[in-house]
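What's in model_15.pdb: PDB, C-alpha atoms
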```
ATOM      1  CA  MET A   1      -3.919  12.078  -7.988
ATOM      2  CA  ALA A   2      -4.826  12.423  -4.343
ATOM      3  CA  PHE A   3      -4.125   9.602  -1.969
ATOM      4  CA  GLY A   4      -5.600  10.407   1.422
ATOM      5  CA  VAL A   5      -7.161   8.507   4.287
ATOM      6  CA  GLU A   6     -10.321   7.881   2.271
ATOM      7  CA  GLN A   7      -8.382   6.350  -0.646
ATOM      8  CA  ALA A   8      -6.243   4.298   1.721
ATOM      9  CA  LYS A   9      -9.342   2.889   3.408
ATOM     10  CA  ARG A  10     -10.859   2.148   0.013
ATOM     11  CA  TRP A  11      -7.640   0.346  -0.956
ATOM     12  CA  MET A  12      -7.862  -1.880   2.118
ATOM     13  CA  ASN A  13     -11.581  -2.536   1.581
ATOM     14  CA  ILE A  14     -11.128  -3.535  -2.062
ATOM     15  CA  ALA A  15      -8.091  -5.651  -1.180
ATOM     16  CA  ASN A  16     -10.131  -7.412   1.488
ATOM     17  CA  ASP A  17     -13.023  -8.035  -0.944
ATOM     18  CA  LYS A  18     -10.643  -9.569  -3.469
ATOM     19  CA  ILE A  19      -8.906 -11.731  -0.865
ATOM     20  CA  GLN A  20     -12.230 -12.942   0.575
ATOM     21  CA  GLN A  21     -13.421 -13.833  -2.946
ATOM     22  CA  GLN A  22     -10.142 -15.590  -3.720
ATOM     23  CA  LYS A  23      -9.654 -17.270  -0.353
ATOM     24  CA  GLN A  24     -10.222 -20.736  -1.772
ATOM     25  CA  TYR A  25      -7.909 -20.035  -4.715
ATOM     26  CA  LEU A  26      -5.105 -18.828  -2.399
ATOM     27  CA  THR A  27      -5.601 -21.874  -0.219
ATOM     28  CA  GLU A  28      -5.325 -24.180  -3.229
ATOM     29  CA  LEU A  29      -2.127 -22.454  -4.386
ATOM     30  CA  ASP A  30      -0.648 -22.868  -0.925
ATOM     31  CA  GLN A  31      -1.801 -26.475  -0.567
ATOM     32  CA  ALA A  32       0.122 -27.284  -3.744
ATOM     33  CA  ILE A  33       3.498 -26.025  -2.517
ATOM     34  CA  GLY A  34       3.178 -24.767   1.067
ATOM     35  CA  ASP A  35       1.249 -25.496   4.222
ATOM     36  CA  GLY A  36      -2.143 -24.452   2.885
ATOM     37  CA  ASP A  37      -2.777 -21.626   5.327
ATOM     38  CA  HIS A  38      -2.300 -18.595   3.072
ATOM     39  CA  GLY A  39      -5.923 -18.170   1.986
ATOM     40  CA  LEU A  40      -7.383 -18.502   5.454
ATOM     41  CA  ASN A  41      -4.653 -16.408   7.082
ATOM     42  CA  THR A  42      -4.721 -13.463   4.696
ATOM     43  CA  ALA A  43      -8.530 -13.543   4.579
ATOM     44  CA  ARG A  44      -8.733 -13.427   8.355
ATOM     45  CA  GLY A  45      -6.038 -10.754   8.584
ATOM     46  CA  PHE A  46      -7.563  -8.359   6.049
ATOM     47  CA  GLN A  47     -11.066  -8.897   7.455
ATOM     48  CA  GLU A  48      -9.732  -7.762  10.838
ATOM     49  CA  VAL A  49      -7.966  -4.847   9.130
ATOM     50  CA  VAL A  50     -11.129  -3.457   7.511
ATOM     51  CA  GLU A  51     -13.084  -3.875  10.747
ATOM     52  CA  LYS A  52     -10.352  -2.099  12.698
ATOM     53  CA  ILE A  53      -9.953   0.889  10.369
ATOM     54  CA  ALA A  54     -13.674   1.337   9.546
ATOM     55  CA  SER A  55     -14.579   3.027  12.816
ATOM     56  CA  VAL A  56     -11.492   5.201  13.300
ATOM     57  CA  ASN A  57     -11.172   8.777  12.029
ATOM     58  CA  TYR A  58      -7.518   8.911  11.123
ATOM     59  CA  GLU A  59      -5.642  12.205  11.207
ATOM     60  CA  ASP A  60      -2.939  10.949   8.876
ATOM     61  CA  LEU A  61      -1.945   8.047   6.626
ATOM     62  CA  GLY A  62       0.808   7.004   9.013
ATOM     63  CA  SER A  63      -1.550   6.113  11.842
ATOM     64  CA  LEU A  64      -3.918   4.289   9.478
ATOM     65  CA  PHE A  65      -1.173   2.077   8.067
ATOM     66  CA  LYS A  66       0.217   1.524  11.580
ATOM     67  CA  ASP A  67      -3.139  -0.024  12.537
ATOM     68  CA  VAL A  68      -3.119  -2.108   9.348
ATOM     69  CA  SER A  69       0.361  -3.351  10.205
ATOM     70  CA  MET A  70      -0.309  -4.161  13.865
ATOM     71  CA  THR A  71      -3.539  -5.976  12.979
ATOM     72  CA  LEU A  72      -1.805  -8.159  10.397
ATOM     73  CA  ILE A  73       1.072  -8.934  12.760
ATOM     74  CA  ALA A  74      -1.351  -9.877  15.532
ATOM     75  CA  LYS A  75      -3.829 -11.876  13.473
ATOM     76  CA  VAL A  76      -1.911 -13.639  10.720
ATOM     77  CA  GLY A  77      -0.036 -16.681  11.941
ATOM     78  CA  GLY A  78       1.738 -17.597   8.712
ATOM     79  CA  ALA A  79       4.624 -15.925   6.894
ATOM     80  CA  SER A  80       2.353 -13.284   5.388
ATOM     81  CA  GLY A  81       1.728 -11.793   8.869
ATOM     82  CA  PRO A  82       5.262 -10.566   9.536
ATOM     83  CA  LEU A  83       5.847  -9.844   5.819
ATOM     84  CA  TYR A  84       2.749  -7.734   5.121
ATOM     85  CA  GLY A  85       2.924  -6.422   8.688
ATOM     86  CA  THR A  86       6.435  -5.129   8.055
ATOM     87  CA  ALA A  87       5.453  -3.742   4.633
ATOM     88  CA  PHE A  88       2.634  -1.644   6.075
ATOM     89  CA  LEU A  89       4.760  -0.632   9.061
ATOM     90  CA  LYS A  90       7.337   0.816   6.649
ATOM     91  CA  MET A  91       4.560   2.570   4.731
ATOM     92  CA  SER A  92       3.258   4.013   7.982
ATOM     93  CA  LEU A  93       6.697   5.401   8.848
ATOM     94  CA  ALA A  94       7.119   6.836   5.352
ATOM     95  CA  LEU A  95       3.702   8.541   5.486
ATOM     96  CA  ASN A  96       3.860   9.610   9.119
ATOM     97  CA  GLY A  97       1.998  12.895   9.709
ATOM     98  CA  LYS A  98       0.748  13.116   6.102
ATOM     99  CA  LYS A  99      -2.945  13.661   5.492
ATOM    100  CA  GLU A 100      -2.377  13.104   1.795
ATOM    101  CA  ALA A 101       0.415  11.674  -0.277
ATOM    102  CA  ASP A 102       1.320  12.852  -3.767
ATOM    103  CA  ASP A 103       2.525  10.400  -6.415
ATOM    104  CA  LYS A 104       6.135  10.656  -5.382
ATOM    105  CA  GLU A 105       5.395  10.143  -1.712
ATOM    106  CA  LEU A 106       3.162   7.151  -2.362
ATOM    107  CA  VAL A 107       5.759   5.531  -4.622
ATOM    108  CA  ALA A 108       8.426   6.188  -1.970
ATOM    109  CA  ALA A 109       6.199   4.588   0.681
ATOM    110  CA  LEU A 110       5.668   1.503  -1.506
ATOM    111  CA  GLU A 111       9.409   1.382  -2.057
ATOM    112  CA  ALA A 112       9.932   1.412   1.720
ATOM    113  CA  ALA A 113       7.396  -1.411   2.000
ATOM    114  CA  LEU A 114       9.383  -3.467  -0.514
ATOM    115  CA  SER A 115      12.637  -2.943   1.407
ATOM    116  CA  GLY A 116      10.821  -4.037   4.552
ATOM    117  CA  ILE A 117       9.587  -7.230   2.891
ATOM    118  CA  LYS A 118      13.055  -8.015   1.561
ATOM    119  CA  ALA A 119      14.744  -7.392   4.897
ATOM    120  CA  ARG A 120      12.191  -9.468   6.800
ATOM    121  CA  GLY A 121      12.055 -12.410   4.403
ATOM    122  CA  LYS A 122      15.673 -12.157   3.212
ATOM    123  CA  ALA A 123      14.396 -12.939  -0.279
ATOM    124  CA  SER A 124      15.418 -11.507  -3.622
ATOM    125  CA  VAL A 125      13.967 -11.689  -7.126
ATOM    126  CA  GLY A 126      13.802 -15.177  -8.662
ATOM    127  CA  GLU A 127      13.167 -17.093  -5.449
ATOM    128  CA  LYS A 128       9.426 -17.572  -6.051
ATOM    129  CA  THR A 129       8.123 -15.190  -3.408
ATOM    130  CA  MET A 130       6.073 -12.007  -3.240
ATOM    131  CA  VAL A 131       9.306 -10.118  -3.994
ATOM    132  CA  ASP A 132       8.944 -11.389  -7.584
ATOM    133  CA  VAL A 133       5.843  -9.186  -7.832
ATOM    134  CA  TRP A 134       6.827  -6.278  -5.601
ATOM    135  CA  GLU A 135      10.267  -5.503  -6.967
ATOM    136  CA  PRO A 136       9.426  -5.140 -10.696
ATOM    137  CA  VAL A 137       6.265  -3.203  -9.818
ATOM    138  CA  ILE A 138       8.179  -0.718  -7.659
ATOM    139  CA  GLU A 139      10.869  -0.439 -10.340
ATOM    140  CA  LEU A 140       8.209   0.422 -12.908
ATOM    141  CA  LEU A 141       6.692   3.095 -10.658
ATOM    142  CA  ARG A 142      10.093   4.562  -9.925
ATOM    143  CA  GLU A 143      10.950   4.749 -13.622
ATOM    144  CA  LYS A 144       7.618   6.374 -14.457
ATOM    145  CA  GLY A 145       8.105   8.787 -11.596
ATOM    146  CA  SER A 146       4.359   8.755 -11.004
ATOM    147  CA  MET A 147       1.691   6.460  -9.639
ATOM    148  CA  GLN A 148       0.738   4.504 -12.766
ATOM    149  CA  ALA A 149      -1.435   2.161 -10.762
ATOM    150  CA  LYS A 150      -3.156   0.413 -13.689
ATOM    151  CA  GLU A 151       0.111  -0.411 -15.397
ATOM    152  CA  ALA A 152       1.491  -1.529 -12.041
ATOM    153  CA  ALA A 153      -1.442  -3.894 -11.542
ATOM    154  CA  LEU A 154      -1.012  -5.364 -15.039
ATOM    155  CA  LEU A 155       2.669  -5.936 -14.426
ATOM    156  CA  ALA A 156       1.896  -7.452 -11.018
ATOM    157  CA  LYS A 157      -0.416  -9.973 -12.703
ATOM    158  CA  GLU A 158       2.199 -10.870 -15.287
ATOM    159  CA  LYS A 159       4.903 -11.277 -12.640
ATOM    160  CA  MET A 160       2.615 -13.354 -10.440
ATOM    161  CA  GLU A 161       1.998 -15.712 -13.354
ATOM    162  CA  HIS A 162       5.722 -15.845 -14.008
ATOM    163  CA  THR A 163       6.360 -17.306 -10.525
ATOM    164  CA  LYS A 164       4.916 -20.527 -11.976
ATOM    165  CA  GLU A 165       8.194 -21.063 -13.848
ATOM    166  CA  LEU A 166      10.366 -20.525 -10.793
ATOM    167  CA  GLU A 167      11.790 -22.980  -8.296
ATOM    168  CA  ALA A 168      11.103 -22.000  -4.687
ATOM    169  CA  LYS A 169      14.114 -21.015  -2.596
ATOM    170  CA  LYS A 170      12.295 -19.618   0.419
ATOM    171  CA  GLY A 171       9.608 -20.724   2.828
ATOM    172  CA  ARG A 172       7.863 -24.067   3.111
ATOM    173  CA  ALA A 173       7.826 -24.444  -0.689
ATOM    174  CA  ALA A 174      11.632 -24.613  -0.764
ATOM    175  CA  TYR A 175      11.431 -28.093   0.800
ATOM    176  CA  LEU A 176       9.824 -29.211  -2.473
ATOM    177  CA  GLY A 177      12.733 -27.988  -4.613
ATOM    178  CA  LYS A 178      12.064 -28.585  -8.315
ATOM    179  CA  ARG A 179       8.602 -29.951  -7.563
ATOM    180  CA  SER A 180       7.549 -26.377  -6.749
ATOM    181  CA  VAL A 181       7.882 -25.486 -10.459
ATOM    182  CA  GLY A 182       4.527 -25.312 -12.263
ATOM    183  CA  HIS A 183       2.657 -23.605  -9.405
ATOM    184  CA  ILE A 184       1.991 -19.922  -8.778
ATOM    185  CA  ASP A 185       3.443 -18.666  -5.515
ATOM    186  CA  PRO A 186       0.550 -17.824  -3.145
ATOM    187  CA  GLY A 187       2.314 -14.768  -1.685
ATOM    188  CA  SER A 188       2.823 -13.360  -5.159
ATOM    189  CA  ALA A 189      -0.900 -13.915  -5.825
ATOM    190  CA  SER A 190      -2.048 -12.028  -2.715
ATOM    191  CA  SER A 191       0.456  -9.289  -3.579
ATOM    192  CA  TYR A 192      -1.090  -9.025  -7.044
ATOM    193  CA  PHE A 193      -4.526  -8.589  -5.388
ATOM    194  CA  LEU A 194      -3.074  -5.744  -3.309
ATOM    195  CA  PHE A 195      -1.787  -3.907  -6.393
ATOM    196  CA  ALA A 196      -5.002  -4.569  -8.330
ATOM    197  CA  ALA A 197      -6.954  -3.169  -5.370
ATOM    198  CA  LEU A 198      -4.711  -0.103  -5.231
ATOM    199  CA  ALA A 199      -5.381   0.597  -8.907
ATOM    200  CA  GLU A 200      -9.131   0.331  -8.362
ATOM    201  CA  ALA A 201      -9.008   2.497  -5.244
ATOM    202  CA  LEU A 202      -7.168   5.231  -7.129
ATOM    203  CA  GLU A 203      -9.644   5.177 -10.017
ATOM    204  CA  GLY A 204     -12.148   6.605  -7.565
TER
ATOM    205  CA  MET B   1      19.346 -13.954  37.308
ATOM    206  CA  LYS B   2      21.894 -16.775  37.499
ATOM    207  CA  TYR B   3      20.941 -18.512  34.301
ATOM    208  CA  VAL B   4      20.497 -17.676  30.652
ATOM    209  CA  SER B   5      16.815 -18.194  29.921
ATOM    210  CA  LEU B   6      15.149 -19.896  26.964
ATOM    211  CA  VAL B   7      12.303 -18.854  24.687
ATOM    212  CA  LEU B   8      10.850 -21.676  22.596
ATOM    213  CA  ILE B   9       8.783 -20.803  19.519
ATOM    214  CA  SER B  10       6.733 -23.217  17.467
ATOM    215  CA  HIS B  11       3.841 -23.114  15.029
ATOM    216  CA  SER B  12       2.193 -25.550  17.413
ATOM    217  CA  GLU B  13       1.390 -24.776  21.046
ATOM    218  CA  GLU B  14       1.600 -28.462  21.906
ATOM    219  CA  ILE B  15       5.120 -28.838  20.513
ATOM    220  CA  VAL B  16       6.584 -26.173  22.784
ATOM    221  CA  SER B  17       4.487 -26.978  25.860
ATOM    222  CA  GLY B  18       5.606 -30.588  25.567
ATOM    223  CA  LEU B  19       9.188 -29.550  24.975
ATOM    224  CA  LYS B  20       9.115 -27.288  28.008
ATOM    225  CA  LYS B  21       7.940 -30.207  30.157
ATOM    226  CA  LEU B  22      10.747 -32.346  28.821
ATOM    227  CA  LEU B  23      13.344 -29.676  29.592
ATOM    228  CA  ASN B  24      11.972 -28.933  33.061
ATOM    229  CA  GLN B  25      12.488 -32.573  33.902
ATOM    230  CA  VAL B  26      16.176 -32.289  32.997
ATOM    231  CA  GLN B  27      16.795 -28.776  34.237
ATOM    232  CA  PRO B  28      14.131 -27.306  36.528
ATOM    233  CA  ASP B  29      16.052 -24.114  37.403
ATOM    234  CA  VAL B  30      16.447 -22.523  33.980
ATOM    235  CA  PRO B  31      13.613 -20.102  33.146
ATOM    236  CA  ILE B  32      11.781 -21.203  30.008
ATOM    237  CA  ALA B  33       9.020 -19.277  28.221
ATOM    238  CA  ILE B  34       7.051 -20.557  25.262
ATOM    239  CA  ALA B  35       5.223 -18.953  22.346
ATOM    240  CA  GLY B  36       3.358 -21.563  20.364
ATOM    241  CA  GLY B  37       0.552 -21.248  17.848
ATOM    242  CA  ASN B  38      -1.555 -18.235  16.965
ATOM    243  CA  ASP B  39      -4.976 -17.789  18.583
ATOM    244  CA  GLY B  40      -5.162 -21.516  19.236
ATOM    245  CA  GLU B  41      -4.337 -22.326  15.624
ATOM    246  CA  ILE B  42      -1.146 -23.324  13.835
ATOM    247  CA  GLY B  43       1.129 -20.338  13.342
ATOM    248  CA  THR B  44       3.337 -17.937  15.242
ATOM    249  CA  ASN B  45       2.642 -14.481  16.612
ATOM    250  CA  ALA B  46       5.187 -11.690  17.109
ATOM    251  CA  PHE B  47       3.266 -10.165  20.032
ATOM    252  CA  ARG B  48       3.180 -13.468  21.905
ATOM    253  CA  ILE B  49       6.880 -13.972  21.236
ATOM    254  CA  LYS B  50       7.576 -10.473  22.556
ATOM    255  CA  GLU B  51       5.647 -11.246  25.760
ATOM    256  CA  ALA B  52       7.502 -14.544  26.157
ATOM    257  CA  ILE B  53      10.870 -12.807  25.861
ATOM    258  CA  GLU B  54       9.842 -10.132  28.376
ATOM    259  CA  SER B  55       8.625 -12.751  30.842
ATOM    260  CA  VAL B  56      12.078 -14.362  31.171
ATOM    261  CA  TYR B  57      14.317 -11.422  30.233
ATOM    262  CA  SER B  58      17.437 -10.754  32.280
ATOM    263  CA  GLU B  59      20.827  -9.269  31.509
ATOM    264  CA  LYS B  60      22.297 -12.750  31.771
ATOM    265  CA  GLY B  61      20.654 -13.288  28.395
ATOM    266  CA  VAL B  62      17.847 -14.938  26.472
ATOM    267  CA  VAL B  63      18.330 -17.580  23.798
ATOM    268  CA  ILE B  64      15.507 -18.072  21.311
ATOM    269  CA  LEU B  65      14.913 -21.365  19.514
ATOM    270  CA  PHE B  66      12.275 -21.825  16.815
ATOM    271  CA  ASP B  67      10.862 -24.528  14.562
ATOM    272  CA  LEU B  68      10.207 -23.402  10.973
ATOM    273  CA  GLY B  69      10.737 -20.432   8.635
ATOM    274  CA  SER B  70       8.150 -17.824   9.483
ATOM    275  CA  ALA B  71       8.768 -18.300  13.212
ATOM    276  CA  LEU B  72      12.136 -16.652  12.567
ATOM    277  CA  MET B  73      10.517 -13.632  10.907
ATOM    278  CA  ASN B  74       8.173 -13.196  13.856
ATOM    279  CA  ALA B  75      11.025 -13.647  16.338
ATOM    280  CA  GLU B  76      13.011 -10.887  14.611
ATOM    281  CA  LEU B  77       9.937  -8.676  14.498
ATOM    282  CA  ALA B  78       9.326  -9.319  18.216
ATOM    283  CA  ILE B  79      12.894  -8.313  19.079
ATOM    284  CA  GLU B  80      12.522  -5.091  17.041
ATOM    285  CA  MET B  81       9.376  -4.254  19.021
ATOM    286  CA  LEU B  82      11.082  -4.739  22.410
ATOM    287  CA  GLU B  83      12.371  -1.795  24.384
ATOM    288  CA  LYS B  84      15.447  -3.682  25.574
ATOM    289  CA  THR B  85      17.103  -5.481  22.725
ATOM    290  CA  GLY B  86      20.507  -6.426  24.138
ATOM    291  CA  HIS B  87      21.347  -9.854  25.514
ATOM    292  CA  ILE B  88      18.941 -11.644  23.154
ATOM    293  CA  ALA B  89      20.124 -14.174  20.584
ATOM    294  CA  ILE B  90      18.317 -16.354  18.067
ATOM    295  CA  ALA B  91      20.001 -19.745  17.799
ATOM    296  CA  ASP B  92      20.343 -21.475  14.435
ATOM    297  CA  ALA B  93      19.582 -24.925  15.773
ATOM    298  CA  PRO B  94      17.012 -27.712  15.528
ATOM    299  CA  LEU B  95      14.316 -26.993  18.108
ATOM    300  CA  VAL B  96      14.275 -30.141  20.241
ATOM    301  CA  GLU B  97      17.964 -31.033  20.330
ATOM    302  CA  GLY B  98      19.018 -27.387  20.424
ATOM    303  CA  ALA B  99      16.721 -26.567  23.314
ATOM    304  CA  TYR B 100      17.879 -29.628  25.211
ATOM    305  CA  ILE B 101      21.525 -28.604  24.906
ATOM    306  CA  ALA B 102      20.652 -24.969  25.682
ATOM    307  CA  ALA B 103      18.859 -25.979  28.886
ATOM    308  CA  VAL B 104      21.770 -28.120  30.027
ATOM    309  CA  GLU B 105      24.377 -25.441  29.259
ATOM    310  CA  ALA B 106      22.294 -22.634  30.742
ATOM    311  CA  GLY B 107      21.849 -24.748  33.865
ATOM    312  CA  LEU B 108      25.643 -24.861  34.217
ATOM    313  CA  GLY B 109      25.639 -21.078  34.436
ATOM    314  CA  LYS B 110      27.232 -20.563  31.003
ATOM    315  CA  SER B 111      27.138 -17.173  29.247
ATOM    316  CA  LEU B 112      24.694 -16.378  26.441
ATOM    317  CA  ASP B 113      27.417 -16.756  23.789
ATOM    318  CA  GLU B 114      28.442 -20.123  25.169
ATOM    319  CA  VAL B 115      24.873 -21.367  25.311
ATOM    320  CA  VAL B 116      24.189 -20.249  21.728
ATOM    321  CA  ARG B 117      27.384 -21.803  20.421
ATOM    322  CA  ALA B 118      26.704 -25.080  22.215
ATOM    323  CA  CYS B 119      23.143 -25.452  20.988
ATOM    324  CA  GLU B 120      24.111 -24.563  17.422
ATOM    325  CA  GLN B 121      26.437 -27.583  17.551
ATOM    326  CA  ALA B 122      23.257 -29.666  17.588
ATOM    327  CA  LYS B 123      23.176 -29.246  13.790
ATOM    328  CA  GLN B 124      26.260 -31.454  13.515
ATOM    329  CA  MET B 125      25.081 -34.056  15.978
ATOM    330  CA  VAL B 126      25.044 -37.602  14.627
ATOM    331  CA  LYS B 127      21.951 -39.330  15.975
ATOM    332  CA  VAL B 128      22.283 -42.654  14.189
ATOM    333  CA  GLU B 129      25.591 -44.256  13.272
ATOM    334  CA  HIS B 130      25.428 -45.966   9.874
TER
END
```
Represent the structure of the file as structure tokens.
Amino acid sequence: MAFGVEQAKRWMNIANDKIQQQKQYLTELDQAIGDGDHGLNTARGFQEVVEKIASVNYEDLGSLFKDVSMTLIAKVGGASGPLYGTAFLKMSLALNGKKEADDKELVAALEAALSGIKARGKASVGEKTMVDVWEPVIELLREKGSMQAKEAALLAKEKMEHTKELEAKKGRAAYLGKRSVGHIDPGSASSYFLFAALAEALEG
Amino acid sequence: MKYVSLVLISHSEEIVSGLKKLLNQVQPDVPIAIAGGNDGEIGTNAFRIKEAIESVYSEKGVVILFDLGSALMNAELAIEMLEKTGHIAIADAPLVEGAYIAAVEAGLGKSLDEVVRACEQAKQMVKVEH
């Protein structure tokens, strides 16, 4: 598997397509347990991302993901801005100077992204956040020792659906306590779209 | 700089611009910067927070107060992006009461630690006796 600038751009483009298509769905999820801005915010953020990276000829993956990160931080006003912004910033540091990443390097970069998300949001598994998708997915990839993107996307979907059972401990949804049970966490849903997009981008 | 300065962060521009007016009335000498909203909409923005910190930064110190959850993440991100990171503290305090106490204490020439400690006391403040 080769993951270079072209694949990374394709990943962002597919992710953006999915998020634009699901904007209303993400908004509805967030209206149920949050402040209702997740669909609009992530849609705006990723739209800006694809516009930003489309015209640039990147020398390496690090500089591409740096632009992704800075765009999300600048354009997304809700929690997903600093969270995804930090995730892609960590990926950019992990892939600095690399024109292409092999399986191991890509998994390591995703692992760095997860640590960034956890440090920024101070969340752990079971708190009904995007960490409930990211952590098991990264664990799976680490165990496989290779970029099993399709399996990762399937697991991401399953884990996203599982957030329905959980009570929110972080973010605006935590104010609802037990009333947050029965709803999918919007951050876990957009994270699932990211992993689904990655799988499609790697299929070529 | 004689005084610790304040940075007020809110998801709403109007909340912090109103709060700044309120504080200026009580304490006109303390430098106060605000970072409210994101591109005119509800939200917070790490770059705007970074600029706000820079605009009132001094070695006397900067205390940051914020409203809700993700404002904290963006405040931390803003601090990480700054070149100078010393003398900056995020206070764990309610925004309005905390900022009020911070402005009063800063106006008395207190140190950053003292200002932070004082405004964090706002969490224990009893507003209505039952």
Go through chain B residue by residue and, counting all atoms listed in the file, keep those with an atom at most 6 Å from chain A; for each kept residue give the shortest atom pair and its distance in Å to one decimal, ordered by chain and increasing number, as JSON lines.
```
{"residue": "B:Asn38", "atom": "CA", "partner": "A:Gly77", "partner_atom": "CA", "distance": 5.5}
{"residue": "B:Gly43", "atom": "CA", "partner": "A:Gly77", "partner_atom": "CA", "distance": 4.1}
{"residue": "B:Thr44", "atom": "CA", "partner": "A:Gly77", "partner_atom": "CA", "distance": 4.9}
{"residue": "B:Asn45", "atom": "CA", "partner": "A:Gly77", "partner_atom": "CA", "distance": 5.8}
{"residue": "B:Gly69", "atom": "CA", "partner": "A:Gly171", "partner_atom": "CA", "distance": 5.9}
{"residue": "B:Ser70", "atom": "CA", "partner": "A:Ala79", "partner_atom": "CA", "distance": 4.8}
{"residue": "B:Asn74", "atom": "CA", "partner": "A:Pro82", "partner_atom": "CA", "distance": 5.8}
```
Writing out the chosen residues with C-alpha atoms as a PDB file, in the coordinates of the input:
```pdb
ATOM      1  CA  ASN B  38      -1.555 -18.235  16.965  1.00  0.00           C
ATOM      2  CA  GLY B  43       1.129 -20.338  13.342  1.00  0.00           C
ATOM      3  CA  THR B  44       3.337 -17.937  15.242  1.00  0.00           C
ATOM      4  CA  ASN B  45       2.642 -14.481  16.612  1.00  0.00           C
ATOM      5  CA  GLY B  69      10.737 -20.432   8.635  1.00  0.00           C
ATOM      6  CA  SER B  70       8.150 -17.824   9.483  1.00  0.00           C
ATOM      7  CA  ASN B  74       8.173 -13.196  13.856  1.00  0.00           C
TER       8      ASN B  74
END
```
### Query
Which of these residues is nearest to Asn57 in chain A, using only C-alpha atoms: A:Ile33, A:Ala101, A:Val5, A:Leu155?
A:Val5
### Task
Please provide the set of residues having any atom within 8 Å of range 63-66 of chain B, restricted to only C-alpha atoms, with same-chain residues fewer than 5 positions apart removed, written as a PyMOL selection string.
chain B and resi 4-10+71-72+88-95+98-99+102+112+115-116
### Selection dump of the PyMOL selection byres ((chain B and resi 52) around 12), as a ChimeraX atom specification
/B:5-9,31-36,45-51,53-57,62-64,75,78-79,82
### Message
Once the PyMOL selection byres ((chain A and resi 132-143) around 6) is applied to the coordinates I shared, what remains selected? I want it as a PyMOL selection string.
### Response
chain A and resi 125+129-131+144-145+152+156+159-160+188
Check what the PyMOL selection byres ((chain A and resi 195) around 9) selects in the file above and give those residues as a CSV table (one decimal) with C-alpha atoms, keeping the file's coordinate frame.
```
chain,number,residue,atom,x,y,z
A,15,ALA,CA,-8.1,-5.7,-1.2
A,134,TRP,CA,6.8,-6.3,-5.6
A,137,VAL,CA,6.3,-3.2,-9.8
A,149,ALA,CA,-1.4,2.2,-10.8
A,150,LYS,CA,-3.2,0.4,-13.7
A,152,ALA,CA,1.5,-1.5,-12.0
A,153,ALA,CA,-1.4,-3.9,-11.5
A,154,LEU,CA,-1.0,-5.4,-15.0
A,156,ALA,CA,1.9,-7.5,-11.0
A,157,LYS,CA,-0.4,-10.0,-12.7
A,190,SER,CA,-2.0,-12.0,-2.7
A,191,SER,CA,0.5,-9.3,-3.6
A,192,TYR,CA,-1.1,-9.0,-7.0
A,193,PHE,CA,-4.5,-8.6,-5.4
A,194,LEU,CA,-3.1,-5.7,-3.3
A,196,ALA,CA,-5.0,-4.6,-8.3
A,197,ALA,CA,-7.0,-3.2,-5.4
A,198,LEU,CA,-4.7,-0.1,-5.2
A,199,ALA,CA,-5.4,0.6,-8.9
A,200,GLU,CA,-9.1,0.3,-8.4
```
#### Entry: Atom pair CA of Thr27 in chain A / CA of Phe88 in chain A: separation (Å)
22.7 Å
#### Entry: Coordinates-based distance that separates CA of Lys123 in chain B from CA of Ala174 in chain A (Å, one decimal)
19.1 Å
### Task
Counting all atoms listed in the file, find the residues whose atoms lie at most 6 Å from (-1.2, -25.3, 21.0) (file coordinates) and write them out as JSON, numbers by chain.
{"B": [12, 13, 14, 36, 37, 40]}
Padding of 4 Å on every side, edges along x, y and z, all listed atoms of range 34-44 of chain B included: what centre and edge lengths in Å, to one decimal, does that box have, as JSON?
```
{"center_x": 0.9, "center_y": -20.6, "center_z": 19.3, "size_x": 20.2, "size_y": 13.5, "size_z": 19.9}
```
Fewer than 5 positions away in the same chain doesn't count, so skip those; otherwise give me all residues within 9 Å of Ala113 in chain A, counting all atoms listed in the file, as a short mmCIF file (atom, residue, chain, number, x, y, z; two decimals) with C-alpha atoms, in the frame of the given file.
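Written output follows (part-v1.cif):
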```cif
data_model
loop_
_atom_site.label_atom_id
_atom_site.label_comp_id
_atom_site.auth_asym_id
_atom_site.auth_seq_id
_atom_site.Cartn_x
_atom_site.Cartn_y
_atom_site.Cartn_z
CA TYR A 84 2.75 -7.73 5.12
CA THR A 86 6.44 -5.13 8.06
CA ALA A 87 5.45 -3.74 4.63
CA PHE A 88 2.63 -1.64 6.08
CA LEU A 89 4.76 -0.63 9.06
CA LYS A 90 7.34 0.82 6.65
CA MET A 91 4.56 2.57 4.73
CA ALA A 94 7.12 6.84 5.35
CA ALA A 108 8.43 6.19 -1.97
CA LYS A 118 13.06 -8.02 1.56
#
```
### Task
For Val49 in chain A, please output as a PyMOL selection string all residues within 9 Å (counting only C-alpha atoms; exclusion window: fewer than 5 positions along the same chain).
chain A and resi 12-13+16+44+54+67-69+71-72
### Message
Which polymer residues, whether protein, DNA or RNA, lie within 12 Å of the coordinate (26.0, -19.2, 30.3) when you count all atoms listed in the file? List them as a VMD selection string, using the chain letters and numbers from the file.
### Response
chain B and resid 1 to 6 30 59 to 63 87 101 to 119
### Message
With all atoms listed in the file as the counted atoms, please give the residues lying no more than 6 Å from Thr163 in chain A, apart from itself and same-chain residues fewer than 5 positions off, as a ChimeraX atom specification.
### Response
/A:128,184-185
Take the residues from that selection and write them out as a compact mmCIF listing (two decimals), in the coordinates of the input, keeping C-alpha atoms.
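out.txt written:
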```txt
# COMPACT_ATOMS: atom_id res chain seq x y z
CA LYS A 128 9.43 -17.57 -6.05
CA ILE A 184 1.99 -19.92 -8.78
CA ASP A 185 3.44 -18.67 -5.52
```
### Message
From the options A:Ala8, A:Leu29, A:Leu95, A:Leu106, which residue's atoms come nearest to Gly187 in chain A, counting only C-alpha atoms?
### Response
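Answer, going by the shortest atom-to-atom distance: A:Leu29.
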